[in-house]
file protein17.pdb (PDB, C-alpha atoms and all ligand atoms)
ATOM      1  CA  MET A   1      -0.678  27.197  17.461
ATOM      2  CA  ALA A   2      -0.089  23.804  15.881
ATOM      3  CA  GLN A   3       3.253  22.283  15.012
ATOM      4  CA  ILE A   4       3.681  22.748  11.252
ATOM      5  CA  ILE A   5       4.836  19.361   9.971
ATOM      6  CA  ASP A   6       7.786  19.841   7.614
ATOM      7  CA  GLY A   7       7.187  17.365   4.782
ATOM      8  CA  LYS A   8      10.232  18.608   2.902
ATOM      9  CA  ALA A   9      12.529  17.740   5.823
ATOM     10  CA  VAL A  10      10.984  14.299   6.438
ATOM     11  CA  SER A  11      11.125  13.602   2.688
ATOM     12  CA  ARG A  12      14.768  14.654   2.567
ATOM     13  CA  ALA A  13      15.616  12.223   5.361
ATOM     14  CA  VAL A  14      13.899   9.312   3.561
ATOM     15  CA  ARG A  15      15.623  10.176   0.273
ATOM     16  CA  ALA A  16      19.009  10.464   1.994
ATOM     17  CA  ARG A  17      18.550   6.943   3.372
ATOM     18  CA  VAL A  18      17.551   5.675  -0.095
ATOM     19  CA  ALA A  19      20.598   7.401  -1.654
ATOM     20  CA  GLN A  20      22.901   5.769   0.874
ATOM     21  CA  GLU A  21      21.449   2.302   0.245
ATOM     22  CA  THR A  22      21.664   2.924  -3.508
ATOM     23  CA  LEU A  23      25.391   3.574  -3.221
ATOM     24  CA  ALA A  24      25.845   0.213  -1.502
ATOM     25  CA  LEU A  25      23.683  -1.517  -4.111
ATOM     26  CA  LYS A  26      25.695   0.015  -6.944
ATOM     27  CA  GLU A  27      28.811  -1.549  -5.444
ATOM     28  CA  GLN A  28      27.117  -4.880  -6.086
ATOM     29  CA  GLY A  29      26.615  -3.802  -9.722
ATOM     30  CA  VAL A  30      22.905  -2.953  -9.422
ATOM     31  CA  THR A  31      21.496   0.494 -10.291
ATOM     32  CA  PRO A  32      17.782   0.948  -9.551
ATOM     33  CA  GLY A  33      15.877   2.034 -12.687
ATOM     34  CA  LEU A  34      12.498   3.748 -12.923
ATOM     35  CA  ALA A  35      10.428   4.331 -16.078
ATOM     36  CA  VAL A  36       7.791   7.055 -15.976
ATOM     37  CA  ILE A  37       5.065   7.252 -18.602
ATOM     38  CA  LEU A  38       3.151  10.455 -19.239
ATOM     39  CA  VAL A  39       0.292  10.531 -21.751
ATOM     40  CA  GLY A  40      -0.997  13.920 -22.892
ATOM     41  CA  GLU A  41      -0.197  17.397 -21.683
ATOM     42  CA  ASP A  42      -1.877  17.847 -18.300
ATOM     43  CA  PRO A  43       0.220  20.661 -16.739
ATOM     44  CA  ALA A  44      -0.002  19.303 -13.173
ATOM     45  CA  SER A  45       1.069  15.825 -14.340
ATOM     46  CA  GLN A  46       3.996  17.362 -16.226
ATOM     47  CA  VAL A  47       5.214  18.970 -13.003
ATOM     48  CA  TYR A  48       4.808  15.728 -10.999
ATOM     49  CA  VAL A  49       6.707  13.722 -13.621
ATOM     50  CA  ARG A  50       9.517  16.273 -13.746
ATOM     51  CA  ASN A  51       9.833  16.128  -9.949
ATOM     52  CA  LYS A  52       9.956  12.316 -10.010
ATOM     53  CA  GLU A  53      12.760  12.384 -12.594
ATOM     54  CA  LYS A  54      14.663  14.948 -10.558
ATOM     55  CA  ALA A  55      14.332  12.838  -7.408
ATOM     56  CA  CYS A  56      15.644   9.778  -9.296
ATOM     57  CA  ALA A  57      18.770  11.657 -10.340
ATOM     58  CA  GLU A  58      19.332  12.904  -6.783
ATOM     59  CA  VAL A  59      19.230   9.458  -5.178
ATOM     60  CA  GLY A  60      21.388   7.956  -7.936
ATOM     61  CA  PHE A  61      18.790   6.013  -9.915
ATOM     62  CA  TYR A  62      18.673   5.425 -13.628
ATOM     63  CA  SER A  63      15.444   6.778 -15.130
ATOM     64  CA  GLU A  64      13.603   6.827 -18.428
ATOM     65  CA  LYS A  65      10.755   9.160 -19.317
ATOM     66  CA  TYR A  66       8.186   8.366 -22.008
ATOM     67  CA  THR A  67       6.030  11.285 -23.126
ATOM     68  CA  LEU A  68       3.238  10.055 -25.360
ATOM     69  CA  PRO A  69       0.765  12.221 -27.307
ATOM     70  CA  ALA A  70      -2.796  12.642 -25.981
ATOM     71  CA  ASP A  71      -4.177  10.568 -28.891
ATOM     72  CA  THR A  72      -2.086   7.488 -28.005
ATOM     73  CA  THR A  73      -4.164   4.306 -28.356
ATOM     74  CA  GLN A  74      -4.641   1.736 -25.631
ATOM     75  CA  ALA A  75      -2.766  -0.787 -27.800
ATOM     76  CA  GLN A  76       0.229   1.560 -28.094
ATOM     77  CA  LEU A  77       0.276   2.214 -24.355
ATOM     78  CA  ASN A  78      -0.052  -1.501 -23.594
ATOM     79  CA  ALA A  79       2.821  -2.245 -25.994
ATOM     80  CA  LEU A  80       5.072   0.223 -24.146
ATOM     81  CA  VAL A  81       4.206  -1.361 -20.790
ATOM     82  CA  ASP A  82       4.988  -4.812 -22.238
ATOM     83  CA  GLU A  83       8.350  -3.555 -23.471
ATOM     84  CA  LEU A  84       9.204  -2.046 -20.054
ATOM     85  CA  ASN A  85       8.058  -5.192 -18.241
ATOM     86  CA  GLY A  86      10.729  -7.070 -20.198
ATOM     87  CA  LYS A  87      13.531  -4.534 -19.760
ATOM     88  CA  LYS A  88      16.132  -5.667 -17.242
ATOM     89  CA  GLU A  89      17.490  -2.208 -16.341
ATOM     90  CA  ILE A  90      13.985  -1.001 -15.462
ATOM     91  CA  ASN A  91      12.902  -2.116 -11.975
ATOM     92  CA  GLY A  92       9.895   0.154 -11.553
ATOM     93  CA  ILE A  93       7.193   1.382 -13.942
ATOM     94  CA  LEU A  94       4.905   4.302 -13.206
ATOM     95  CA  CYS A  95       2.150   5.505 -15.497
ATOM     96  CA  GLN A  96       1.106   8.974 -14.376
ATOM     97  CA  LEU A  97      -2.633   9.300 -13.742
ATOM     98  CA  PRO A  98      -5.105  10.578 -14.744
ATOM     99  CA  LEU A  99      -4.942   9.276 -18.316
ATOM    100  CA  PRO A 100      -6.863  10.942 -21.163
ATOM    101  CA  PRO A 101     -10.504   9.757 -20.976
ATOM    102  CA  HIS A 102     -10.314   7.320 -23.930
ATOM    103  CA  LEU A 103      -7.660   5.243 -22.121
ATOM    104  CA  SER A 104      -8.308   2.756 -19.305
ATOM    105  CA  ASP A 105      -6.168   3.235 -16.201
ATOM    106  CA  LYS A 106      -7.456  -0.121 -14.930
ATOM    107  CA  GLU A 107      -6.112  -1.897 -18.023
ATOM    108  CA  VAL A 108      -2.681  -0.239 -17.810
ATOM    109  CA  ILE A 109      -2.349  -0.890 -14.082
ATOM    110  CA  ALA A 110      -3.208  -4.558 -14.486
ATOM    111  CA  ARG A 111      -0.695  -4.882 -17.338
ATOM    112  CA  ILE A 112       2.311  -3.637 -15.325
ATOM    113  CA  ASP A 113       4.341  -6.529 -13.909
ATOM    114  CA  PRO A 114       3.330  -6.573 -10.185
ATOM    115  CA  ALA A 115       7.041  -6.867  -9.301
ATOM    116  CA  LYS A 116       7.637  -3.505 -11.054
ATOM    117  CA  ASP A 117       4.453  -1.805  -9.830
ATOM    118  CA  VAL A 118       6.100   0.856  -7.649
ATOM    119  CA  ASP A 119       2.790   2.730  -7.279
ATOM    120  CA  ALA A 120       1.288  -0.395  -5.603
ATOM    121  CA  PHE A 121      -1.823   0.027  -7.781
ATOM    122  CA  HIS A 122      -1.909  -3.506  -9.294
ATOM    123  CA  PRO A 123      -4.743  -5.645  -7.813
ATOM    124  CA  GLU A 124      -2.144  -8.138  -6.572
ATOM    125  CA  ASN A 125      -0.312  -5.420  -4.619
ATOM    126  CA  VAL A 126      -3.575  -3.876  -3.405
ATOM    127  CA  GLY A 127      -4.498  -7.315  -2.070
ATOM    128  CA  ALA A 128      -1.136  -7.532  -0.302
ATOM    129  CA  ILE A 129      -1.817  -4.183   1.388
ATOM    130  CA  MET A 130      -5.248  -5.401   2.476
ATOM    131  CA  ILE A 131      -3.730  -8.371   4.336
ATOM    132  CA  GLY A 132      -0.923  -6.247   5.776
ATOM    133  CA  ASP A 133       1.771  -8.040   3.788
ATOM    134  CA  TYR A 134       3.330  -5.086   1.978
ATOM    135  CA  ARG A 135       5.405  -5.706  -1.113
ATOM    136  CA  PHE A 136       5.316  -2.052  -2.048
ATOM    137  CA  LEU A 137       4.131   0.869   0.052
ATOM    138  CA  PRO A 138       1.160   2.779  -1.300
ATOM    139  CA  CYS A 139       3.193   5.982  -1.824
ATOM    140  CA  THR A 140       0.939   8.807  -0.636
ATOM    141  CA  PRO A 141      -0.626   6.936   2.326
ATOM    142  CA  ALA A 142       2.796   5.636   3.406
ATOM    143  CA  GLY A 143       4.108   9.195   3.228
ATOM    144  CA  VAL A 144       1.231  10.325   5.447
ATOM    145  CA  MET A 145       2.126   7.630   7.995
ATOM    146  CA  GLU A 146       5.737   8.860   8.077
ATOM    147  CA  LEU A 147       4.494  12.393   8.745
ATOM    148  CA  ILE A 148       2.195  11.226  11.564
ATOM    149  CA  ARG A 149       5.084   9.233  13.059
ATOM    150  CA  SER A 150       7.317  12.328  12.850
ATOM    151  CA  THR A 151       4.995  14.071  15.335
ATOM    152  CA  GLY A 152       5.504  11.258  17.857
ATOM    153  CA  THR A 153       1.802  10.321  17.719
ATOM    154  CA  ASP A 154       0.951   6.733  18.637
ATOM    155  CA  LEU A 155      -2.155   5.705  16.688
ATOM    156  CA  THR A 156      -3.089   2.850  19.001
ATOM    157  CA  GLY A 157      -6.712   3.220  20.024
ATOM    158  CA  LYS A 158      -6.992   6.669  18.432
ATOM    159  CA  ARG A 159      -9.868   7.719  16.223
ATOM    160  CA  ALA A 160      -8.701   8.316  12.678
ATOM    161  CA  VAL A 161     -10.983   9.798  10.049
ATOM    162  CA  VAL A 162     -10.160   9.675   6.345
ATOM    163  CA  LEU A 163     -12.019  12.046   4.039
ATOM    164  CA  GLY A 164     -12.165  10.485   0.565
ATOM    165  CA  ARG A 165     -12.361   6.912  -0.703
ATOM    166  CA  SER A 166     -10.158   6.908  -3.811
ATOM    167  CA  ASN A 167      -8.131   3.853  -4.756
ATOM    168  CA  ILE A 168      -4.939   5.951  -4.737
ATOM    169  CA  VAL A 169      -5.329   7.576  -1.319
ATOM    170  CA  GLY A 170      -8.502   7.045   0.744
ATOM    171  CA  LYS A 171      -8.791   3.254   0.696
ATOM    172  CA  PRO A 172      -5.113   2.325   1.206
ATOM    173  CA  MET A 173      -4.833   5.146   3.777
ATOM    174  CA  ALA A 174      -7.589   3.530   5.825
ATOM    175  CA  MET A 175      -5.735   0.178   5.729
ATOM    176  CA  LEU A 176      -2.448   1.684   6.934
ATOM    177  CA  LEU A 177      -4.161   3.499   9.811
ATOM    178  CA  LEU A 178      -5.996   0.301  10.709
ATOM    179  CA  HIS A 179      -2.780  -1.748  10.707
ATOM    180  CA  ALA A 180      -1.324   0.870  13.067
ATOM    181  CA  ASN A 181      -4.207   0.092  15.477
ATOM    182  CA  GLY A 182      -6.277   3.199  14.795
ATOM    183  CA  THR A 183     -10.077   3.081  14.859
ATOM    184  CA  VAL A 184     -10.806   4.169  11.327
ATOM    185  CA  THR A 185     -13.787   5.861   9.698
ATOM    186  CA  VAL A 186     -13.833   6.584   5.976
ATOM    187  CA  CYS A 187     -16.070   9.470   4.898
ATOM    188  CA  HIS A 188     -17.132  10.427   1.370
ATOM    189  CA  SER A 189     -19.547  12.623  -0.545
ATOM    190  CA  LYS A 190     -22.590  10.635   0.635
ATOM    191  CA  THR A 191     -21.615  10.622   4.340
ATOM    192  CA  LYS A 192     -24.151  12.067   6.747
ATOM    193  CA  ASN A 193     -23.143  14.073   9.839
ATOM    194  CA  LEU A 194     -19.720  14.659   8.341
ATOM    195  CA  LYS A 195     -18.908  17.574  10.606
ATOM    196  CA  GLU A 196     -19.683  15.578  13.730
ATOM    197  CA  ILE A 197     -17.612  12.590  12.635
ATOM    198  CA  CYS A 198     -14.645  14.834  11.836
ATOM    199  CA  ARG A 199     -14.944  16.627  15.162
ATOM    200  CA  ASN A 200     -14.315  13.296  16.911
ATOM    201  CA  ALA A 201     -11.116  12.591  14.992
ATOM    202  CA  ASP A 202      -7.777  12.489  16.801
ATOM    203  CA  ILE A 203      -6.192  12.165  13.368
ATOM    204  CA  LEU A 204      -7.894  13.712  10.356
ATOM    205  CA  VAL A 205      -6.640  12.938   6.837
ATOM    206  CA  ALA A 206      -8.233  15.026   4.090
ATOM    207  CA  ALA A 207      -8.140  13.711   0.518
ATOM    208  CA  VAL A 208     -11.254  15.088  -1.143
ATOM    209  CA  GLY A 209      -9.861  17.450  -3.773
ATOM    210  CA  LYS A 210     -11.875  20.479  -2.674
ATOM    211  CA  ALA A 211     -10.077  23.664  -1.641
ATOM    212  CA  LYS A 212     -10.495  24.591   2.055
ATOM    213  CA  PHE A 213     -13.166  21.886   2.542
ATOM    214  CA  VAL A 214     -12.076  21.214   6.141
ATOM    215  CA  THR A 215     -13.028  24.231   8.221
ATOM    216  CA  GLU A 216     -12.031  25.021  11.787
ATOM    217  CA  ASP A 217     -15.397  23.879  13.207
ATOM    218  CA  MET A 218     -14.759  20.340  11.837
ATOM    219  CA  VAL A 219     -11.568  19.863  13.847
ATOM    220  CA  LYS A 220     -11.169  18.552  17.382
ATOM    221  CA  PRO A 221      -8.861  20.687  19.541
ATOM    222  CA  GLY A 222      -5.437  19.025  19.544
ATOM    223  CA  ALA A 223      -6.067  16.843  16.470
ATOM    224  CA  VAL A 224      -3.325  15.906  13.999
ATOM    225  CA  VAL A 225      -4.487  17.177  10.599
ATOM    226  CA  ILE A 226      -2.962  15.866   7.386
ATOM    227  CA  ASP A 227      -3.824  17.587   4.113
ATOM    228  CA  VAL A 228      -3.456  15.498   0.942
ATOM    229  CA  GLY A 229      -5.255  18.074  -1.222
ATOM    230  CA  MET A 230      -3.594  19.731  -4.230
ATOM    231  CA  ASN A 231      -6.088  22.271  -5.517
ATOM    232  CA  ARG A 232      -5.582  25.414  -7.561
ATOM    233  CA  GLU A 233      -7.310  28.531  -6.316
ATOM    234  CA  ASN A 234      -6.723  31.670  -8.373
ATOM    235  CA  GLY A 235      -3.574  30.028  -9.697
ATOM    236  CA  LYS A 236      -2.296  29.313  -6.183
ATOM    237  CA  LEU A 237      -1.750  25.798  -4.807
ATOM    238  CA  CYS A 238      -4.176  25.158  -1.984
ATOM    239  CA  GLY A 239      -5.002  22.130   0.167
ATOM    240  CA  ASP A 240      -8.298  20.591   1.310
ATOM    241  CA  VAL A 241      -7.908  22.235   4.721
ATOM    242  CA  ASP A 242      -8.499  25.861   5.659
ATOM    243  CA  PHE A 243      -4.936  26.014   6.965
ATOM    244  CA  ASP A 244      -4.879  29.471   8.578
ATOM    245  CA  ALA A 245      -7.918  28.798  10.769
ATOM    246  CA  VAL A 246      -7.286  25.103  11.496
ATOM    247  CA  LYS A 247      -3.657  25.623  12.558
ATOM    248  CA  GLU A 248      -4.963  27.529  15.590
ATOM    249  CA  LYS A 249      -6.875  24.437  16.764
ATOM    250  CA  ALA A 250      -4.840  21.400  15.721
ATOM    251  CA  SER A 251      -1.775  20.112  17.582
ATOM    252  CA  ALA A 252       0.009  19.388  14.295
ATOM    253  CA  ILE A 253      -0.826  20.158  10.675
ATOM    254  CA  THR A 254       0.748  19.744   7.237
ATOM    255  CA  PRO A 255       1.088  22.753   4.935
ATOM    256  CA  VAL A 256       0.340  22.753   1.193
ATOM    257  CA  PRO A 257       2.756  22.871  -0.498
ATOM    258  CA  GLY A 258       5.562  21.319   1.569
ATOM    259  CA  GLY A 259       3.564  18.670   3.436
ATOM    260  CA  VAL A 260       2.378  15.413   1.884
ATOM    261  CA  GLY A 261       3.498  16.196  -1.682
ATOM    262  CA  PRO A 262       7.259  15.696  -1.134
ATOM    263  CA  MET A 263       6.554  12.468   0.785
ATOM    264  CA  THR A 264       4.829  10.746  -2.154
ATOM    265  CA  ILE A 265       8.014  11.072  -4.196
ATOM    266  CA  ALA A 266      10.226   9.897  -1.328
ATOM    267  CA  MET A 267       8.137   6.728  -0.913
ATOM    268  CA  LEU A 268       8.273   6.139  -4.677
ATOM    269  CA  MET A 269      12.078   6.213  -4.441
ATOM    270  CA  GLN A 270      11.895   3.760  -1.536
ATOM    271  CA  ASN A 271       9.683   1.412  -3.588
ATOM    272  CA  THR A 272      11.968   1.579  -6.627
ATOM    273  CA  LEU A 273      14.930   0.648  -4.431
ATOM    274  CA  THR A 274      12.930  -2.244  -2.956
ATOM    275  CA  ALA A 275      12.010  -3.417  -6.475
ATOM    276  CA  ALA A 276      15.634  -3.299  -7.646
ATOM    277  CA  LYS A 277      16.824  -5.272  -4.628
ATOM    278  CA  ARG A 278      14.186  -7.975  -5.056
ATOM    279  CA  GLN A 279      14.684  -8.359  -8.787
ATOM    280  CA  ASN A 280      18.416  -8.804  -8.233
ATOM    281  CA  ASN A 281      18.230 -10.852  -5.033
ATOM    282  CA  ALA A 282      20.338  -8.120  -3.442
TER     283      ALA A 282
HETATM  284  N1  LIG B   1      -1.557  10.835 -10.005
HETATM  285  C1  LIG B   1      -1.716  11.424  -8.807
HETATM  286  N2  LIG B   1      -1.035  10.755  -7.860
HETATM  287  C2  LIG B   1      -0.438   9.721  -8.480
HETATM  288  C3  LIG B   1       0.413   8.683  -8.026
HETATM  289  O1  LIG B   1       0.736   8.542  -6.853
HETATM  290  N3  LIG B   1       0.844   7.826  -8.988
HETATM  291  C4  LIG B   1       0.476   7.933 -10.296
HETATM  292  N4  LIG B   1       0.922   7.030 -11.160
HETATM  293  N5  LIG B   1      -0.320   8.891 -10.747
HETATM  294  C5  LIG B   1      -0.764   9.768  -9.831
END
call {"tool": "encode", "arguments": {"input": "protein17.pdb", "output": "structure tokens"}}
result
Amino acid sequence: MAQIIDGKAVSRAVRARVAQETLALKEQGVTPGLAVILVGEDPASQVYVRNKEKACAEVGFYSEKYTLPADTTQAQLNALVDELNGKKEINGILCQLPLPPHLSDKEVIARIDPAKDVDAFHPENVGAIMIGDYRFLPCTPAGVMELIRSTGTDLTGKRAVVLGRSNIVGKPMAMLLLHANGTVTVCHSKTKNLKEICRNADILVAAVGKAKFVTEDMVKPGAVVIDVGMNRENGKLCGDVDFDAVKEKASAITPVPGGVGPMTIAMLMQNTLTAAKRQNNA
């Protein structure tokens, strides 16, 4: 049976390091500050935002939460971002996605000051990731890399397959694996011979948003399988991987919940600390 990768434990270690560095920073008179914007009442987003606030308090950050009604206009949202861009005590700004359909996530992302873009979604920061010159870590992919590292796996020369090509996970994930010397294939809904490609993967990262999409016959014996999925099945949280069957074949696998999810928040804390240090030359 595979090693079950404990995302909660790895996340705790990252957050403990951030908390320790925050203490030292506070002695220099700097408290990292994060502003989180939530538009509308998506229940999953409400949970994510609450967890981000909780994590801020635990590592000793200052945080502000803005809950806006679902009928907020683009102009109102833009005005809030402008205000937060100018606020000295706020080092990081995060607008929880997805936004209600009448609002443009592209417009909001581009409006956030790149120096405060702790999601690393701004085109300037995405460009920096592309050339391997990270200003901010793309949170979920960076969390996945920490989990892979925790298994002692060296990616050099290994075949890594990413399922999904989203801007938030799939694309930056591919870049991080590539920079770690993996040979990377990105698959998506139009990919042919998907099963075969997956079966060749030494490292398989699933980010497709479909419950139990990755079945046991798609996994190479001994592969490291990372599940980014967060799906609801009969009210229960469920990943993109058929965990019970795949765990018998993989050498290491992340559970859902308790795998990638806690890592995203830990990396967000890391980015907010980085932002605070840079903005204060600390
Ligand atoms: N929605 C799902 N994941 C994320 C994330 O990492 N950041 C933001 N802002 N919204 C998300």
call {"tool": "residues_around", "arguments": {"input": "protein17.pdb", "residues": "His188 of chain A", "least_positions_apart": "3", "cutoff": "8 Å", "atoms": "all atoms listed in the file", "output": "list in words"}}
result
Leu163, Gly164, Arg165, Thr191 and Val208 of chain A
call {"tool": "atom_distance", "arguments": {"input": "protein17.pdb", "atom1": "atom CA of Cys95 of chain A", "atom2": "atom CA of Leu38 of chain A"}}
result
6.3 Å
call {"tool": "closest_residue", "arguments": {"input": "protein17.pdb", "among": "A:Asp242, A:Asp227, A:Asp42, A:Glu27", "to": "ligand LIG 1 (chain B)", "atoms": "all atoms listed in the file"}}
result
A:Asp42
call {"tool": "residues_around", "arguments": {"input": "protein17.pdb", "residues": "Cys187 of chain A", "least_positions_apart": "2", "cutoff": "9 Å", "atoms": "all atoms listed in the file", "output": "PyMOL selection string"}}
result
chain A and resi 161-165+170+185+189-192+194+197-198
call {"tool": "residues_near_ligand", "arguments": {"input": "protein17.pdb", "ligand": "ligand LIG 1 (chain B)", "cutoff": "7 Å", "atoms": "all atoms listed in the file", "output": "NGL selection string"}}
result
:A and (94-98 or 119 or 139-140 or 168 or 264)
call {"tool": "closest_residue", "arguments": {"input": "protein17.pdb", "among": "A:Ala24, A:Lys277, A:Leu176, A:Ile112", "to": "Tyr134 of chain A", "atoms": "all atoms listed in the file"}}
result
A:Leu176
call {"tool": "axis_aligned_box", "arguments": {"input": "protein17.pdb", "around": "segment 258-271 of chain A", "padding_each_side": "8 Å", "output": "lines of an AutoDock Vina configuration file"}}
result
center_x = 7.2
center_y = 11.4
center_z = -0.6
size_x = 25.7
size_y = 35.9
size_z = 24.1
call {"tool": "residues_around", "arguments": {"input": "protein17.pdb", "residues": "Ala70 of chain A", "least_positions_apart": "3", "cutoff": "8 Å", "atoms": "only C-alpha atoms", "output": "ChimeraX atom specification"}}
result
/A:39-41,100
call {"tool": "residues_around", "arguments": {"input": "protein17.pdb", "residues": "Thr73 of chain A", "least_positions_apart": "5", "cutoff": "9 Å", "atoms": "only C-alpha atoms", "output": "count of residues only"}}
result
3
call {"tool": "residues_near_point", "arguments": {"input": "protein17.pdb", "point": "(5.9, 0.3, -22.6)", "cutoff": "10 Å", "atoms": "all atoms listed in the file", "output": "CSV table (one decimal) with C-alpha atoms, in the frame of the given file"}}
result
chain,number,residue,atom,x,y,z
A,35,ALA,CA,10.4,4.3,-16.1
A,36,VAL,CA,7.8,7.1,-16.0
A,37,ILE,CA,5.1,7.3,-18.6
A,66,TYR,CA,8.2,8.4,-22.0
A,76,GLN,CA,0.2,1.6,-28.1
A,77,LEU,CA,0.3,2.2,-24.4
A,78,ASN,CA,-0.1,-1.5,-23.6
A,79,ALA,CA,2.8,-2.2,-26.0
A,80,LEU,CA,5.1,0.2,-24.1
A,81,VAL,CA,4.2,-1.4,-20.8
A,82,ASP,CA,5.0,-4.8,-22.2
A,83,GLU,CA,8.4,-3.6,-23.5
A,84,LEU,CA,9.2,-2.0,-20.1
A,85,ASN,CA,8.1,-5.2,-18.2
A,86,GLY,CA,10.7,-7.1,-20.2
A,87,LYS,CA,13.5,-4.5,-19.8
A,93,ILE,CA,7.2,1.4,-13.9
A,95,CYS,CA,2.2,5.5,-15.5
A,108,VAL,CA,-2.7,-0.2,-17.8
A,111,ARG,CA,-0.7,-4.9,-17.3
A,112,ILE,CA,2.3,-3.6,-15.3
